[in-house]
>>> print(open('start.txt').read())   # compact mmCIF, C-alpha atoms and all ligand atoms
# COMPACT_ATOMS: atom_id res chain seq x y z
CA MET A 44 49.97 -64.61 -42.69
CA SER A 45 50.21 -67.29 -45.33
CA ASP A 46 50.23 -70.99 -44.47
CA VAL A 47 53.70 -71.29 -45.97
CA LEU A 48 55.15 -68.72 -43.57
CA LEU A 49 53.32 -70.10 -40.52
CA ASN A 50 54.50 -73.63 -41.30
CA PHE A 51 58.00 -72.29 -41.93
CA ILE A 52 58.17 -70.71 -38.46
CA ALA A 53 56.52 -73.67 -36.69
CA GLY A 54 58.82 -76.03 -38.59
CA GLY A 55 61.83 -74.12 -37.27
CA VAL A 56 60.59 -74.63 -33.69
CA GLY A 57 60.00 -78.31 -34.43
CA GLY A 58 63.51 -78.59 -35.88
CA SER A 59 65.13 -77.14 -32.76
CA CYS A 60 63.22 -79.68 -30.63
CA THR A 61 64.47 -82.47 -32.94
CA VAL A 62 68.11 -81.44 -32.59
CA ILE A 63 68.05 -81.07 -28.80
CA VAL A 64 66.43 -84.48 -28.31
CA GLY A 65 68.13 -86.31 -31.17
CA HIS A 66 71.74 -85.12 -31.41
CA PRO A 67 73.37 -87.61 -28.99
CA PHE A 68 71.82 -90.49 -30.98
CA ASP A 69 73.09 -88.93 -34.19
CA THR A 70 76.67 -88.73 -32.91
CA VAL A 71 76.61 -92.45 -32.08
CA LYS A 72 75.14 -93.22 -35.49
CA VAL A 73 77.78 -91.31 -37.45
CA ARG A 74 80.62 -92.77 -35.37
CA ILE A 75 79.37 -96.31 -36.00
CA GLN A 76 78.76 -95.73 -39.69
CA THR A 77 82.23 -94.36 -40.27
CA MET A 78 84.45 -96.35 -37.87
CA PRO A 79 87.57 -97.77 -39.51
CA LEU A 80 87.43 -101.44 -40.56
CA PRO A 81 89.27 -103.64 -38.01
CA LYS A 82 92.47 -105.27 -39.27
CA PRO A 83 92.48 -109.12 -39.24
CA GLY A 84 92.50 -110.32 -35.62
CA GLU A 85 91.65 -106.85 -34.26
CA LYS A 86 88.39 -106.03 -32.45
CA PRO A 87 86.08 -103.44 -34.07
CA GLN A 88 86.34 -99.96 -32.53
CA PHE A 89 82.75 -100.24 -31.24
CA THR A 90 80.70 -103.42 -30.90
CA GLY A 91 77.37 -101.59 -31.14
CA ALA A 92 75.40 -98.43 -30.37
CA LEU A 93 75.50 -98.81 -26.58
CA ASP A 94 79.19 -99.63 -26.62
CA CYS A 95 79.88 -96.58 -28.77
CA ALA A 96 77.83 -94.30 -26.44
CA LYS A 97 79.51 -95.72 -23.32
CA ARG A 98 83.05 -95.43 -24.69
CA THR A 99 82.44 -91.95 -26.02
CA VAL A 100 81.16 -90.74 -22.62
CA ALA A 101 83.96 -92.55 -20.72
CA LYS A 102 86.73 -91.20 -22.96
CA GLU A 103 85.50 -87.74 -23.90
CA GLY A 104 82.78 -86.90 -21.34
CA PHE A 105 78.97 -86.70 -21.66
CA PHE A 106 79.00 -83.53 -23.76
CA ALA A 107 81.00 -85.34 -26.45
CA LEU A 108 77.59 -86.69 -27.50
CA TYR A 109 76.61 -83.08 -28.20
CA LYS A 110 79.71 -82.41 -30.31
CA GLY A 111 78.94 -80.67 -33.56
CA MET A 112 75.45 -79.62 -32.34
CA ALA A 113 75.94 -75.93 -33.17
CA ALA A 114 76.02 -76.76 -36.89
CA PRO A 115 72.72 -78.71 -36.93
CA LEU A 116 71.03 -76.17 -34.62
CA VAL A 117 71.90 -73.46 -37.10
CA GLY A 118 71.40 -75.74 -40.12
CA VAL A 119 68.67 -78.20 -39.07
CA SER A 120 66.19 -75.75 -37.54
CA PRO A 121 66.03 -73.74 -40.79
CA LEU A 122 65.99 -77.06 -42.62
CA PHE A 123 62.82 -78.13 -40.84
CA ALA A 124 61.45 -74.64 -41.44
CA VAL A 125 62.14 -75.10 -45.17
CA PHE A 126 60.73 -78.63 -45.03
CA PHE A 127 57.39 -77.68 -43.48
CA GLY A 128 57.20 -74.48 -45.55
CA GLY A 129 57.93 -76.66 -48.62
CA CYS A 130 55.19 -79.11 -47.61
CA ALA A 131 52.73 -76.19 -47.47
CA VAL A 132 53.86 -75.18 -51.00
CA GLY A 133 53.47 -78.80 -52.19
CA LYS A 134 49.97 -78.97 -50.72
CA TRP A 135 48.99 -75.61 -52.20
CA LEU A 136 50.15 -76.77 -55.65
CA GLN A 137 47.86 -79.79 -55.49
CA GLN A 138 44.78 -78.35 -53.80
CA THR A 139 41.94 -76.90 -55.81
CA ASP A 140 40.72 -75.07 -52.69
CA PRO A 141 42.51 -74.52 -49.36
CA SER A 142 40.12 -76.65 -47.28
CA GLN A 143 40.54 -79.71 -49.54
CA GLU A 144 41.75 -82.81 -47.68
CA MET A 145 44.98 -84.25 -49.07
CA THR A 146 45.23 -87.93 -50.00
CA PHE A 147 48.12 -90.14 -48.84
CA ILE A 148 49.78 -89.85 -52.27
CA GLN A 149 49.32 -86.07 -52.40
CA ASN A 150 51.01 -85.76 -48.99
CA ALA A 151 53.82 -88.01 -50.25
CA ASN A 152 54.24 -85.70 -53.29
CA ALA A 153 54.30 -82.62 -51.07
CA GLY A 154 56.89 -84.27 -48.79
CA ALA A 155 59.06 -85.30 -51.77
CA LEU A 156 59.04 -81.74 -53.15
CA ALA A 157 59.99 -80.39 -49.72
CA GLY A 158 62.80 -83.01 -49.64
CA VAL A 159 64.32 -81.40 -52.75
CA PHE A 160 64.15 -77.93 -51.12
CA THR A 161 65.73 -79.19 -47.89
CA THR A 162 68.65 -80.85 -49.68
CA ILE A 163 69.86 -77.46 -50.90
CA VAL A 164 69.84 -76.11 -47.32
CA MET A 165 71.05 -79.30 -45.69
CA VAL A 166 74.16 -80.48 -47.49
CA PRO A 167 76.75 -78.01 -46.08
CA GLY A 168 75.45 -78.43 -42.50
CA GLU A 169 75.51 -82.23 -42.78
CA ARG A 170 79.03 -82.21 -44.23
CA VAL A 171 80.31 -80.01 -41.37
CA LYS A 172 78.45 -82.03 -38.73
CA CYS A 173 79.70 -85.43 -39.97
CA LEU A 174 83.33 -84.24 -40.13
CA LEU A 175 83.19 -82.86 -36.56
CA GLN A 176 81.42 -85.94 -35.22
CA VAL A 177 84.06 -88.36 -36.50
CA GLN A 178 87.31 -86.46 -36.19
CA GLN A 179 88.26 -88.15 -32.87
CA THR A 180 87.51 -91.64 -34.20
CA GLY A 181 90.10 -91.47 -36.97
CA SER A 182 87.53 -92.20 -39.70
CA ALA A 183 88.15 -88.90 -41.47
CA SER A 184 91.66 -90.02 -42.23
CA SER A 185 92.68 -86.89 -44.10
CA GLY A 186 94.65 -85.87 -41.00
CA VAL A 187 93.06 -82.39 -41.00
CA HIS A 188 92.04 -81.09 -37.56
CA TYR A 189 88.97 -78.86 -37.28
CA ASP A 190 88.41 -76.33 -34.48
CA GLY A 191 84.68 -75.93 -35.01
CA PRO A 192 82.01 -75.48 -37.71
CA LEU A 193 83.45 -72.27 -39.19
CA ASP A 194 86.92 -73.78 -39.31
CA VAL A 195 85.51 -76.79 -41.21
CA VAL A 196 83.84 -74.51 -43.76
CA LYS A 197 87.05 -72.45 -44.20
CA LYS A 198 89.23 -75.53 -44.65
CA LEU A 199 86.80 -77.27 -47.02
CA TYR A 200 86.53 -74.14 -49.12
CA LYS A 201 90.31 -73.78 -49.30
CA GLN A 202 90.65 -77.45 -50.25
CA GLY A 203 87.97 -77.82 -52.90
CA GLY A 204 85.82 -74.68 -53.10
CA ILE A 205 81.99 -74.75 -53.03
CA ALA A 206 82.00 -78.22 -54.62
CA SER A 207 83.71 -79.61 -51.52
CA ILE A 208 81.22 -77.94 -49.16
CA TYR A 209 78.37 -79.39 -51.24
CA ARG A 210 79.90 -82.88 -51.49
CA GLY A 211 77.13 -85.47 -50.97
CA THR A 212 74.29 -83.58 -52.70
CA GLY A 213 73.30 -86.56 -54.91
CA ALA A 214 73.43 -88.92 -51.94
CA THR A 215 71.32 -86.52 -49.87
CA LEU A 216 68.67 -86.33 -52.63
CA LEU A 217 68.65 -90.12 -52.83
CA ARG A 218 68.06 -90.21 -49.09
CA ASP A 219 65.65 -87.34 -48.62
CA ILE A 220 63.18 -87.56 -51.50
CA PRO A 221 61.75 -90.95 -50.47
CA ALA A 222 62.31 -90.28 -46.76
CA SER A 223 60.45 -86.97 -46.82
CA ALA A 224 57.58 -88.47 -48.82
CA ALA A 225 57.23 -91.20 -46.19
CA TYR A 226 57.61 -88.71 -43.32
CA LEU A 227 54.79 -86.37 -44.25
CA SER A 228 52.37 -88.97 -45.62
CA VAL A 229 52.68 -91.26 -42.58
CA TYR A 230 52.31 -88.35 -40.13
CA GLU A 231 49.22 -86.96 -41.87
CA PHE A 232 47.70 -90.44 -42.21
CA LEU A 233 48.16 -91.20 -38.49
CA LYS A 234 47.02 -87.75 -37.48
CA LYS A 235 43.75 -88.32 -39.33
CA LYS A 236 43.39 -91.80 -37.78
CA PHE A 237 44.08 -90.59 -34.21
CA SER A 238 42.00 -87.43 -34.28
CA GLY A 239 38.61 -89.04 -34.87
CA GLU A 240 35.75 -87.87 -37.07
CA GLY A 241 33.68 -84.70 -37.10
CA ALA A 242 34.22 -80.96 -37.20
CA GLN A 243 35.80 -80.69 -33.73
CA ARG A 244 38.68 -83.08 -34.40
CA THR A 245 41.45 -82.77 -31.85
CA LEU A 246 44.73 -84.55 -31.47
CA SER A 247 45.92 -85.24 -27.92
CA PRO A 248 49.56 -84.50 -27.02
CA GLY A 249 50.15 -88.26 -26.65
CA ALA A 250 48.72 -88.96 -30.11
CA THR A 251 50.82 -86.13 -31.61
CA LEU A 252 53.95 -87.64 -30.07
CA LEU A 253 53.02 -91.14 -31.30
CA ALA A 254 52.21 -89.99 -34.86
CA GLY A 255 55.40 -87.89 -34.99
CA GLY A 256 57.56 -90.70 -33.62
CA LEU A 257 56.16 -93.21 -36.12
CA ALA A 258 56.64 -90.72 -38.98
CA GLY A 259 60.29 -90.55 -37.95
CA ILE A 260 60.54 -94.35 -38.06
CA ALA A 261 58.96 -94.36 -41.54
CA ASN A 262 61.39 -91.64 -42.70
CA TRP A 263 64.46 -93.62 -41.67
CA GLY A 264 62.96 -96.99 -42.57
CA VAL A 265 63.27 -96.08 -46.25
CA CYS A 266 66.60 -94.26 -46.26
CA ILE A 267 69.29 -95.89 -44.13
CA PRO A 268 71.40 -97.31 -47.02
CA ALA A 269 71.49 -93.90 -48.72
CA ASP A 270 72.41 -92.32 -45.37
CA VAL A 271 75.36 -94.71 -44.90
CA LEU A 272 76.66 -93.83 -48.37
CA LYS A 273 76.20 -90.13 -47.68
CA SER A 274 78.08 -90.25 -44.34
CA ARG A 275 80.99 -92.15 -45.93
CA LEU A 276 81.17 -89.79 -48.88
CA GLN A 277 81.01 -86.66 -46.74
CA THR A 278 83.73 -87.77 -44.31
CA ALA A 279 86.15 -89.21 -46.91
CA PRO A 280 89.43 -87.43 -47.64
CA GLU A 281 89.36 -85.14 -50.69
CA GLY A 282 89.65 -87.08 -53.95
CA LYS A 283 88.99 -90.56 -52.45
CA TYR A 284 85.78 -91.13 -54.43
CA PRO A 285 86.16 -89.34 -57.80
CA ASP A 286 82.89 -90.87 -59.08
CA GLY A 287 80.97 -89.98 -55.91
CA ILE A 288 78.27 -92.19 -54.43
CA ARG A 289 78.82 -94.98 -57.01
CA GLY A 290 82.40 -95.37 -55.83
CA VAL A 291 81.30 -95.53 -52.19
CA LEU A 292 78.62 -98.13 -53.01
CA ARG A 293 81.08 -100.32 -54.94
CA GLU A 294 83.62 -100.16 -52.11
CA VAL A 295 81.08 -100.94 -49.38
CA LEU A 296 79.67 -103.94 -51.28
CA ARG A 297 83.12 -105.26 -52.20
CA GLU A 298 84.76 -104.86 -48.80
CA GLU A 299 81.92 -105.24 -46.30
CA GLY A 300 78.91 -106.71 -48.11
CA PRO A 301 75.29 -105.46 -48.27
CA ARG A 302 74.78 -105.64 -44.48
CA ALA A 303 77.11 -102.67 -44.11
CA LEU A 304 74.46 -100.54 -45.82
CA PHE A 305 72.43 -100.90 -42.65
CA LYS A 306 75.21 -99.85 -40.26
CA GLY A 307 73.92 -97.54 -37.58
CA PHE A 308 70.38 -98.98 -37.91
CA TRP A 309 69.75 -99.16 -34.16
CA PRO A 310 71.05 -95.71 -33.18
CA VAL A 311 69.09 -94.26 -36.10
CA MET A 312 65.88 -95.97 -35.06
CA LEU A 313 66.41 -95.22 -31.37
CA ARG A 314 66.79 -91.53 -32.23
CA ALA A 315 64.03 -91.44 -34.85
CA PHE A 316 61.11 -91.89 -32.48
CA PRO A 317 61.90 -89.37 -29.69
CA ALA A 318 63.50 -86.79 -31.99
CA ASN A 319 60.56 -86.70 -34.39
CA ALA A 320 57.94 -86.98 -31.66
CA ALA A 321 59.54 -83.81 -30.22
CA CYS A 322 59.59 -82.21 -33.69
CA PHE A 323 55.89 -82.66 -34.45
CA PHE A 324 54.96 -81.72 -30.90
CA GLY A 325 56.88 -78.44 -31.23
CA LEU A 326 55.38 -77.88 -34.68
CA GLU A 327 51.76 -78.49 -33.65
CA LEU A 328 52.14 -76.49 -30.44
CA THR A 329 53.45 -73.50 -32.37
CA LEU A 330 50.67 -73.76 -34.95
CA ALA A 331 48.14 -74.03 -32.11
CA ALA A 332 49.66 -70.92 -30.50
CA PHE A 333 49.30 -69.03 -33.80
CA ARG A 334 45.65 -69.95 -33.94
CA TYR A 335 45.11 -69.08 -30.28
CA PHE A 336 46.48 -65.58 -30.89
CA GLY A 337 44.50 -65.27 -34.09
CA VAL A 338 47.56 -65.26 -36.38
CA GLY A 339 46.98 -66.55 -39.89
CA GLY A 340 43.88 -67.20 -41.91
CA HIS A 341 41.99 -70.47 -42.07
CA PRO A 342 43.70 -73.59 -40.80
CA THR A 343 44.84 -75.99 -43.52
CA PRO A 344 43.75 -79.63 -43.22
CA SER A 345 47.21 -80.37 -41.87
CA THR A 346 46.97 -77.87 -39.07
CA GLU A 347 43.35 -77.99 -38.02
CA VAL A 348 44.04 -81.01 -35.83
CA VAL A 349 46.05 -79.70 -32.90
CA PRO A 350 47.15 -80.91 -29.45
CA VAL A 351 44.62 -78.64 -27.76
CA PRO A 352 40.94 -78.30 -28.64
CA HIS A 353 40.06 -75.03 -30.29
CA ASP A 354 36.84 -73.41 -31.37
CA GLU A 355 36.84 -71.47 -34.56
C1 LIG B 1 67.11 -87.15 -42.78
C2 LIG B 1 66.38 -86.22 -41.92
O1 LIG B 1 66.85 -85.21 -41.48
O2 LIG B 1 65.15 -86.57 -41.69
C3 LIG B 1 64.26 -85.72 -40.94
C4 LIG B 1 63.84 -86.48 -39.72
C5 LIG B 1 64.92 -86.66 -38.71
O3 LIG B 1 64.90 -87.70 -38.06
O4 LIG B 1 65.73 -85.73 -38.53
C6 LIG B 1 63.06 -85.49 -41.79
N1 LIG B 1 63.13 -84.48 -42.84
C7 LIG B 1 64.31 -84.55 -43.70
C8 LIG B 1 61.96 -84.74 -43.67
C9 LIG B 1 63.02 -83.13 -42.29
>>> encode(input="start.txt", output="structure tokens")
Amino acid sequence: MSDVLLNFIAGGVGGSCTVIVGHPFDTVKVRIQTMPLPKPGEKPQFTGALDCAKRTVAKEGFFALYKGMAAPLVGVSPLFAVFFGGCAVGKWLQQTDPSQEMTFIQNANAGALAGVFTTIVMVPGERVKCLLQVQQTGSASSGVHYDGPLDVVKKLYKQGGIASIYRGTGATLLRDIPASAAYLSVYEFLKKKFSGEGAQRTLSPGATLLAGGLAGIANWGVCIPADVLKSRLQTAPEGKYPDGIRGVLREVLREEGPRALFKGFWPVMLRAFPANAACFFGLELTLAAFRYFGVGGHPTPSTEVVPVPHDE
């Protein structure tokens, strides 16, 4: 089986691990990023990430943190599949032979290309997820109530057609091209560093988790402002920002100042490490299982370092 397909399948497993570990953090992040501005003399709805998590659990129960998870499980697992499949395509395009080691920049290029592929898959799922995550907070002030992911899609389509479902595409590209470049290049760099020299390079489970977690931090470290703009744009009532992301940026800077572009920083960073450690662990384990059962041809440089030693 080709590297692209193997990475696609393993990426899907990694994506499911990411969602299961990371979704509660994501709910807190979106609620903080989109909470209504307090009126003069009023307290903000949430004072921080912990406050938001505590109030959400107290008011709506623990599983409120898992609200909207069906959409990312269906949307994010294929997204990670497309991402890692896309990375394999990006590597293949740059390699003169399949065993060639990729440089940091080549991995960044492969990640950036995969970021373009993932945007196409990701935008509808993100739009649905954000709307479901914030509907109890009053941030999506359109007054529309949604009964679940399919209901969101139906209502968005009725309201504004495909364009409404795909609202936030530019903002997602702005977020995911640099983020994906950082994600893959940092992971591959650390993987090489942690796996030592020589033909029998192995990566321990702990090192896989550490490299994956730090790749997640690098991913979000470069894209939080674009993510804030994207969340605002995707949860705004129809017609609020006719000129898209530029309108959101102008409003945020005018009304809240540049610091607001970093809203949700802590919940994002708190999620980034465990969610992406789980992702790369799931990915590498699946690739290792393929090799164990003799599926696929030669390992690519990105997959020859696995959590368990193997002899070829
Ligand atoms: C924005 C996003 O989904 O980032 C992914 C990592 C994460 O924390 O979910 C990475 N990537 C888009 C490259 C798959």
>>> closest_atom_pairs(input="start.txt", of="chain A", to="ligand LIG 1 (chain B)", cutoff="6 Å", atoms="all atoms listed in the file", output="Markdown table")
| residue | atom | partner | partner_atom | distance |
| --- | --- | --- | --- | --- |
| A:Phe123 | CA | B:LIG1 | C9 | 5.2 |
| A:Phe126 | CA | B:LIG1 | C9 | 5.7 |
| A:Asp219 | CA | B:LIG1 | C7 | 5.8 |
| A:Ser223 | CA | B:LIG1 | C8 | 4.1 |
| A:Tyr226 | CA | B:LIG1 | C8 | 5.9 |
| A:Gly259 | CA | B:LIG1 | O3 | 5.4 |
| A:Ala315 | CA | B:LIG1 | O3 | 5.0 |
| A:Asn319 | CA | B:LIG1 | O3 | 5.8 |
>>> closest_residue(input="start.txt", among="A:Pro221, A:Gly54, A:Gly158, A:Gly213", to="Gly287 (chain A)", atoms="only C-alpha atoms")
A:Gly213
>>> closest_residue(input="start.txt", among="A:Thr99, A:Asn262, A:Thr162, A:Gln76", to="Tyr209 (chain A)", atoms="all atoms listed in the file")
A:Thr162
>>> closest_residue(input="start.txt", among="A:Arg314, A:Arg297, A:Arg218, A:Lys273", to="Leu257 (chain A)", atoms="only C-alpha atoms")
A:Arg314
>>> atom_distance(input="start.txt", atom1="CA of Cys60 (chain A)", atom2="CA of Leu175 (chain A)")
21.1 Å
>>> residues_near_point(input="start.txt", point="(51.8, -74.5, -44.1)", cutoff="7 Å", atoms="only C-alpha atoms", output="JSON list (two decimals) with C-alpha atoms, keeping the file's coordinate frame")
[["chain", "number", "residue", "atom", "x", "y", "z"],
["A", 46, "ASP", "CA", 50.23, -70.99, -44.47],
["A", 47, "VAL", "CA", 53.70, -71.29, -45.97],
["A", 48, "LEU", "CA", 55.15, -68.72, -43.57],
["A", 49, "LEU", "CA", 53.32, -70.10, -40.52],
["A", 50, "ASN", "CA", 54.50, -73.63, -41.30],
["A", 51, "PHE", "CA", 58.00, -72.29, -41.93],
["A", 127, "PHE", "CA", 57.39, -77.68, -43.48],
["A", 128, "GLY", "CA", 57.20, -74.48, -45.55],
["A", 130, "CYS", "CA", 55.19, -79.11, -47.61],
["A", 131, "ALA", "CA", 52.73, -76.19, -47.47]]
>>> axis_aligned_box(input="start.txt", around="region 314-319 of chain A", padding_each_side="5 Å", output="AutoDock Vina command-line options")
--center_x 63.7 --center_y -89.3 --center_z -32.3 --size_x 16.2 --size_y 15.2 --size_z 15.2
>>> residues_around(input="start.txt", residues="Ile163 (chain A)", least_positions_apart="3", cutoff="12 Å", atoms="only C-alpha atoms", output="PyMOL selection string")
chain A and resi 118-119+121-122+125-126+156-160+166-169+208-213+215-216+219
>>> closest_residue(input="start.txt", among="A:Gly58, A:Gly307, A:Gly300, A:Pro81", to="Cys266 (chain A)", atoms="all atoms listed in the file")
A:Gly307
